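Participant: For reference, the structure I am asking about is given below.
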Amino acid sequence: MLRSLLTAVSSLRSHQTYLDVVGNNIANVNTTGFKASRIAFQDLLSQTLRGGTAPDPAGVGGTNPMQVGMGMALRAVETIHTQGDLQPTGQDTDVAVEGEGFFTLSDGRRQLYTRDGSFNVGADGALTNAGGLRVQGWTADARGNVNTGLAVASITIPQTTIGGTQSTQLKISGNLDSAAAVAATAAVTMTLYDSLGIGHAVTVTFTKTAGNAWSWAAATTDETLGATGTPPTLALGTGALTFDATGGPTGENPSDPLPAAPSAFTPQFTVNPTNGAAVGQVVRVDMRPLSQVAQSSAVNIAANNGSAAGQLLSMTVDSLGRLIGAYSNGRTQALAQLAMARFLNPAGLNKAGGSAFAESLASGTPIVGTAGTGGRGTVASGVLEGSNVNLAEQFTRMILAERGFQANARVISTSDEVLQDLINLKR
């Protein structure tokens, strides 16, 4: 009779744990990156009242063993690593993993792993999660190059400013009016950036010299480029252009790559800034996009590979986990790249709190690399991964746990009544 009491007690204890697991899942239904747990039971050792016997070919058949179970116990509480729903946040530094893999964090003592990608840049430029843990990966150099062959380290975003880029190639497009009179002019002003990112205005003037012929002259009034006189001026270069009967550049094809050597429509000139920037700056100008047809003259700058210095305005994260900075000068540059970890047995990870996991003997060592490689999934920007808790399933399991607890409590009360009747036999 005592056997049934002890069996029911073991079941009550296990069903209480069942309720604990379900309650924790429901409590974290809105926790970012949370992974639900499930419980599994197993029966305990059974007491053998009679062993089984083999059949006798000349007599009776065999008998099965007679066993009475000794109760039940927990077999496992497993973490389910299914994908949670992606929830838009509108913040570019919020990221989520699509597929397998974890973001890597550090608390200064150990590495932790998470699916919660709510990251921010701290006052010291460090990329951290909401709990202050430092996000791990590779920080780009001043030119935006990321070396993923280096050891993983804490990511910092130091490039709040970016230096200017020297102008070495410009492109002029538009039209020169074929019906214009000789000596008619058209002009365009372009900005040449020196090695310090300082802009210098240079004006290119086109003058018609004959039916299909034009001349050009580049000049500047910028004294830091050497302009002198009253008013200050400096001639940088001149040349002649000839257009064919269709209005295109004679002997040139605008769709061809820029020729190695200068030509009539791809001239070059040299400037020597006196403001501390590098001297001997060679500027190549591509005029092949120009046409000469019977329309009003209109000339503009189509391309300039130089730029001024810029301030970091915003960051985005691409599918490979690269943080791309957008600057006020229109340039974009890689700032860092997130490190992603994958485990052969993610269910073996230890929950470490804060939606983070820690490596265990069961999980195996992390396989660290970049997103989009080695089965580590890709990164989505502007979203966070929600909890994978299914409320309908959890409420169903709550009912099962409650009924299991209730039934085993009834076993205890029934066994108690039988014991009481047994004691009353003496009266």
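All residue names refer to the structure tokens as shown: chains lettered A, B, ... in order, residues numbered from 1 in each chain, ligands numbered from 1 in order.
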Quick one: residues within 12 Å of Thr32 of chain A, only C-alpha atoms counted, chain neighbours fewer than 3 positions away excluded, as a ChimeraX atom specification?
Facilitator: /A:28-29,35-36,83-87,89,94-96,114-118,129-130,354-356,383-389
Participant: Got a sec: who's within 12 Å of Val271 of chain A, counting only C-alpha atoms, leaving out chain neighbours fewer than 2 positions off, as a PyMOL selection string?
Facilitator: chain A and resi 166-168+192-195+200-202+218-220+222-227+234-237+268-269+273-275+277-284
Participant: Please extract the residues of segment 32-254 of chain A with a backbone DSSP assignment of strand (DSSP E) and present them as a PyMOL selection string.
Facilitator: chain A and resi 37-43+46-50+66-69+72-79+86-88+94-98+102-106+111-114+117-121+127-129+134-139+153-154+161-162+169-175+185-193+199-208+213-220+234-242
Participant: Can those selected residues be exported to a file as an mmCIF file, in the first residue's frame so that it contains C-alpha atoms?
Facilitator:
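Writing the result to result_28.cif gives the following:
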```cif
data_model
loop_
_atom_site.group_PDB
_atom_site.id
_atom_site.type_symbol
_atom_site.label_atom_id
_atom_site.label_comp_id
_atom_site.auth_asym_id
_atom_site.auth_seq_id
_atom_site.Cartn_x
_atom_site.Cartn_y
_atom_site.Cartn_z
ATOM 1 C CA SER A 37 11.609 24.521 -23.129
ATOM 2 C CA ARG A 38 9.787 21.211 -23.093
ATOM 3 C CA ILE A 39 9.744 18.484 -20.484
ATOM 4 C CA ALA A 40 10.058 14.738 -20.958
ATOM 5 C CA PHE A 41 9.270 12.018 -18.348
ATOM 6 C CA GLN A 42 10.465 8.486 -17.822
ATOM 7 C CA ASP A 43 9.357 5.635 -15.566
ATOM 8 C CA SER A 46 10.072 -1.534 -11.724
ATOM 9 C CA GLN A 47 9.940 -4.127 -8.936
ATOM 10 C CA THR A 48 9.842 -7.654 -10.343
ATOM 11 C CA LEU A 49 7.382 -9.847 -8.469
ATOM 12 C CA ARG A 50 7.898 -12.833 -10.736
ATOM 13 C CA MET A 66 5.249 -9.725 -13.345
ATOM 14 C CA GLN A 67 6.469 -6.192 -12.494
ATOM 15 C CA VAL A 68 5.106 -3.229 -10.573
ATOM 16 C CA GLY A 69 6.378 0.268 -11.431
ATOM 17 C CA MET A 72 8.131 8.324 -12.626
ATOM 18 C CA ALA A 73 10.832 10.945 -12.888
ATOM 19 C CA LEU A 74 12.073 13.681 -15.199
ATOM 20 C CA ARG A 75 14.060 12.494 -18.176
ATOM 21 C CA ALA A 76 14.965 15.907 -19.630
ATOM 22 C CA VAL A 77 14.067 19.580 -19.896
ATOM 23 C CA GLU A 78 15.064 20.457 -23.447
ATOM 24 C CA THR A 79 15.379 23.852 -25.159
ATOM 25 C CA LEU A 86 10.678 38.492 -36.961
ATOM 26 C CA GLN A 87 9.227 41.712 -35.574
ATOM 27 C CA PRO A 88 10.033 45.059 -37.306
ATOM 28 C CA ASP A 94 18.368 45.865 -34.365
ATOM 29 C CA VAL A 95 19.229 42.581 -36.065
ATOM 30 C CA ALA A 96 17.955 39.020 -36.136
ATOM 31 C CA VAL A 97 19.281 35.701 -37.391
ATOM 32 C CA GLU A 98 17.392 34.000 -40.186
ATOM 33 C CA PHE A 102 23.986 32.930 -32.635
ATOM 34 C CA PHE A 103 25.432 36.381 -32.120
ATOM 35 C CA THR A 104 28.550 36.316 -29.940
ATOM 36 C CA LEU A 105 28.838 38.407 -26.756
ATOM 37 C CA SER A 106 31.439 38.882 -24.045
ATOM 38 C CA GLN A 111 31.863 34.243 -24.303
ATOM 39 C CA LEU A 112 28.067 34.088 -24.434
ATOM 40 C CA TYR A 113 25.710 33.505 -27.353
ATOM 41 C CA THR A 114 22.317 35.003 -28.103
ATOM 42 C CA GLY A 117 20.072 41.321 -31.595
ATOM 43 C CA SER A 118 18.972 44.556 -29.915
ATOM 44 C CA PHE A 119 22.350 46.318 -30.184
ATOM 45 C CA ASN A 120 23.419 49.917 -29.540
ATOM 46 C CA VAL A 121 26.619 51.946 -29.694
ATOM 47 C CA LEU A 127 28.698 47.903 -29.768
ATOM 48 C CA THR A 128 26.742 46.363 -26.892
ATOM 49 C CA ASN A 129 23.467 44.602 -26.237
ATOM 50 C CA ARG A 134 30.022 43.632 -25.739
ATOM 51 C CA VAL A 135 29.199 42.313 -29.204
ATOM 52 C CA GLN A 136 32.013 40.294 -30.761
ATOM 53 C CA GLY A 137 33.286 40.406 -34.320
ATOM 54 C CA TRP A 138 35.864 42.242 -36.393
ATOM 55 C CA THR A 139 36.330 46.031 -36.538
ATOM 56 C CA ALA A 153 37.221 40.777 -30.451
ATOM 57 C CA SER A 154 34.824 43.407 -29.127
ATOM 58 C CA THR A 161 34.262 61.006 -39.230
ATOM 59 C CA ILE A 162 35.720 59.882 -42.513
ATOM 60 C CA GLN A 169 38.576 61.306 -62.330
ATOM 61 C CA LEU A 170 35.636 63.465 -63.376
ATOM 62 C CA LYS A 171 33.072 63.066 -66.101
ATOM 63 C CA ILE A 172 31.377 65.885 -68.020
ATOM 64 C CA SER A 173 28.154 65.204 -69.901
ATOM 65 C CA GLY A 174 25.538 67.255 -71.700
ATOM 66 C CA ASN A 175 25.189 68.925 -75.064
ATOM 67 C CA THR A 185 30.332 79.544 -75.017
ATOM 68 C CA ALA A 186 29.048 77.114 -72.455
ATOM 69 C CA ALA A 187 30.586 76.585 -69.018
ATOM 70 C CA VAL A 188 30.431 74.204 -66.059
ATOM 71 C CA THR A 189 32.048 74.502 -62.632
ATOM 72 C CA MET A 190 33.380 71.345 -61.001
ATOM 73 C CA THR A 191 34.734 70.795 -57.504
ATOM 74 C CA LEU A 192 38.148 69.205 -57.195
ATOM 75 C CA TYR A 193 38.806 67.638 -53.794
ATOM 76 C CA GLY A 199 37.120 71.353 -52.394
ATOM 77 C CA HIS A 200 38.459 73.700 -55.066
ATOM 78 C CA ALA A 201 36.244 75.221 -57.761
ATOM 79 C CA VAL A 202 37.473 74.776 -61.334
ATOM 80 C CA THR A 203 35.507 76.148 -64.290
ATOM 81 C CA VAL A 204 35.638 74.478 -67.712
ATOM 82 C CA THR A 205 34.564 76.797 -70.559
ATOM 83 C CA PHE A 206 33.661 75.464 -74.009
ATOM 84 C CA THR A 207 33.944 77.867 -76.963
ATOM 85 C CA LYS A 208 32.744 77.097 -80.490
ATOM 86 C CA ALA A 213 34.698 72.088 -83.465
ATOM 87 C CA TRP A 214 34.888 73.420 -79.939
ATOM 88 C CA SER A 215 37.760 74.345 -77.663
ATOM 89 C CA TRP A 216 37.852 73.965 -73.899
ATOM 90 C CA ALA A 217 39.791 75.755 -71.179
ATOM 91 C CA ALA A 218 39.992 74.894 -67.481
ATOM 92 C CA ALA A 219 40.784 77.689 -65.036
ATOM 93 C CA THR A 220 40.408 78.479 -61.347
ATOM 94 C CA LEU A 234 45.143 80.198 -63.052
ATOM 95 C CA ALA A 235 44.866 78.360 -66.361
ATOM 96 C CA LEU A 236 45.001 74.596 -65.802
ATOM 97 C CA GLY A 237 44.611 73.240 -69.319
ATOM 98 C CA THR A 238 43.198 73.713 -72.798
ATOM 99 C CA GLY A 239 42.242 71.486 -75.699
ATOM 100 C CA ALA A 240 40.172 71.058 -78.860
ATOM 101 C CA LEU A 241 37.129 68.822 -79.489
ATOM 102 C CA THR A 242 35.765 67.689 -82.836
#
```
Participant: Which neighbours of Ile367 of chain A fall inside 9 Å, counting only C-alpha atoms, when residues of the same chain fewer than 5 positions from it are skipped, and could you give them as a count of residues only?
Facilitator: 6
Participant: Find the residue from A:Asn253, A:Thr165, A:Ser4, A:Gly248 that sits nearest to Asp416 of chain A; use only C-alpha atoms when measuring.
Facilitator: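 Answer, going by the shortest atom-to-atom distance: A:Ser4.
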Participant: Using DSSP on the backbone coordinates, identify all residues within segment 22-241 of chain A classified as helix (DSSP H, G or I); present the result as an mmCIF file with C-alpha atoms, in the first residue's frame.
Facilitator:
```
data_model
loop_
_atom_site.group_PDB
_atom_site.id
_atom_site.type_symbol
_atom_site.label_atom_id
_atom_site.label_comp_id
_atom_site.auth_asym_id
_atom_site.auth_seq_id
_atom_site.Cartn_x
_atom_site.Cartn_y
_atom_site.Cartn_z
ATOM 1 C CA VAL A 22 5.202 25.755 -18.739
ATOM 2 C CA GLY A 23 4.900 28.806 -16.478
ATOM 3 C CA ASN A 24 8.380 30.006 -17.480
ATOM 4 C CA ASN A 25 7.540 29.576 -21.164
ATOM 5 C CA ILE A 26 4.355 31.618 -20.799
ATOM 6 C CA ALA A 27 6.165 34.280 -18.745
ATOM 7 C CA GLU A 223 44.457 81.055 -54.672
ATOM 8 C CA THR A 224 45.277 77.835 -52.781
ATOM 9 C CA LEU A 225 45.782 76.238 -56.210
#
```
Participant: Using only C-alpha atoms, which of the listed residues (A:Ala358, A:Leu12, A:Ala180, A:Ala245) sits closest to Arg109 of chain A?
Facilitator: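 Result for the nearest residue to Arg109 of chain A: A:Ala358.
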Participant: At what distance in Å, to one decimal, does atom CA of Ala362 of chain A lie from atom CA of Pro346 of chain A?
Facilitator: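 So the two atoms, atom CA of Pro346 of chain A and atom CA of Ala362 of chain A, lie 8.6 Å apart.
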Participant: Pick out the closest residue to Ser11 of chain A from this set: A:Leu313, A:Leu44, A:Asn64, A:Ala54. Count only C-alpha atoms.
Facilitator: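 Looking at the shortest contact to Ser11 of chain A, the residue is A:Leu44.
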Participant: For Ala210 of chain A, find every residue with an atom within 9 Å (counting only C-alpha atoms), except residues of its own chain fewer than 5 positions away, and show them as a list in words.
Facilitator: Ala181, Val182 and Ala183 of chain A
Participant: Go ahead and write the selection's residues with C-alpha atoms as a PDB file, in the first residue's frame.
Facilitator:
```pdb
ATOM      1  CA  ALA A 181      27.383  80.758 -83.615  1.00  0.00           C
ATOM      2  CA  VAL A 182      31.162  80.712 -83.639  1.00  0.00           C
ATOM      3  CA  ALA A 183      32.545  82.122 -80.363  1.00  0.00           C
TER       4      ALA A 183
END
```
Participant: Just checking: using only C-alpha atoms, which residue out of A:Ser314, A:Thr7, A:Asn408, A:Asn345 ends up closest to Asp92 of chain A?
Facilitator: A:Ser314
Participant: Given only C-alpha atoms as the basis, pick out the residue of A:Leu361, A:Met287, A:Ala298, A:Ala303 nearest to Thr266 of chain A.
Facilitator: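 Distance minimum relative to Thr266 of chain A lands on A:Met287.
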Participant: What does the structure give for the distance between atom CA of Phe265 of chain A and atom CA of Pro289 of chain A, in Å to one decimal?
Facilitator: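 Distance between the two atoms: 9.1 Å.
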Participant: For Thr378 of chain A, list every protein, DNA or RNA residue within 8 Å, evaluated using only C-alpha atoms, and leave out those in the same chain fewer than 6 positions away; present the list as a PDB file with N, CA and C atoms, in the first residue's frame.
Facilitator:
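around-v9.pdb written:
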```
ATOM      1  N   VAL A  97      18.703  36.782 -36.592  1.00  0.00           N
ATOM      2  CA  VAL A  97      19.281  35.701 -37.391  1.00  0.00           C
ATOM      3  C   VAL A  97      18.158  34.969 -38.107  1.00  0.00           C
ATOM      4  N   GLU A  98      18.304  34.822 -39.410  1.00  0.00           N
ATOM      5  CA  GLU A  98      17.392  34.000 -40.186  1.00  0.00           C
ATOM      6  C   GLU A  98      18.092  32.686 -40.483  1.00  0.00           C
ATOM      7  N   GLY A  99      17.683  31.632 -39.764  1.00  0.00           N
ATOM      8  CA  GLY A  99      18.359  30.348 -39.884  1.00  0.00           C
ATOM      9  C   GLY A  99      19.039  30.011 -38.577  1.00  0.00           C
ATOM     10  N   SER A 319      23.062  41.498 -44.969  1.00  0.00           N
ATOM     11  CA  SER A 319      22.724  40.104 -44.694  1.00  0.00           C
ATOM     12  C   SER A 319      23.923  39.286 -44.224  1.00  0.00           C
ATOM     13  N   LEU A 320      25.134  39.765 -44.468  1.00  0.00           N
ATOM     14  CA  LEU A 320      26.341  39.067 -44.026  1.00  0.00           C
ATOM     15  C   LEU A 320      26.825  39.564 -42.668  1.00  0.00           C
ATOM     16  N   GLY A 321      26.041  40.446 -42.052  1.00  0.00           N
ATOM     17  CA  GLY A 321      26.398  40.936 -40.725  1.00  0.00           C
ATOM     18  C   GLY A 321      27.400  42.073 -40.743  1.00  0.00           C
ATOM     19  N   ALA A 371      28.241  35.380 -41.074  1.00  0.00           N
ATOM     20  CA  ALA A 371      26.884  35.021 -41.494  1.00  0.00           C
ATOM     21  C   ALA A 371      26.884  34.639 -42.970  1.00  0.00           C
ATOM     22  N   GLY A 372      25.989  33.718 -43.318  1.00  0.00           N
ATOM     23  CA  GLY A 372      25.876  33.291 -44.701  1.00  0.00           C
ATOM     24  C   GLY A 372      26.872  32.230 -45.097  1.00  0.00           C
TER      25      GLY A 372
END
```
Participant: If we count only C-alpha atoms, what is near Ala140 of chain A at a cut-off of 7 Å, once residues fewer than 3 positions away on the same chain are taken out, given as a ChimeraX atom specification?
Facilitator: /A:144-146,334-336
Participant: With C-alpha atoms retained, export the selected residues as a PDB file, in the first residue's frame.
Facilitator:
```pdb
ATOM      1  CA  GLY A 144      36.719  50.068 -44.408  1.00  0.00           C
ATOM      2  CA  ASN A 145      38.526  46.739 -44.808  1.00  0.00           C
ATOM      3  CA  VAL A 146      37.439  43.908 -42.497  1.00  0.00           C
ATOM      4  CA  ALA A 334      32.155  49.132 -43.744  1.00  0.00           C
ATOM      5  CA  LEU A 335      32.646  49.711 -40.018  1.00  0.00           C
ATOM      6  CA  ALA A 336      32.714  46.167 -38.664  1.00  0.00           C
TER       7      ALA A 336
END
```
Participant: Give me, please, the distance in Å between atom CA of Leu290 of chain A and atom CA of Thr250 of chain A, quoted to one decimal.
Facilitator: 10.9 Å
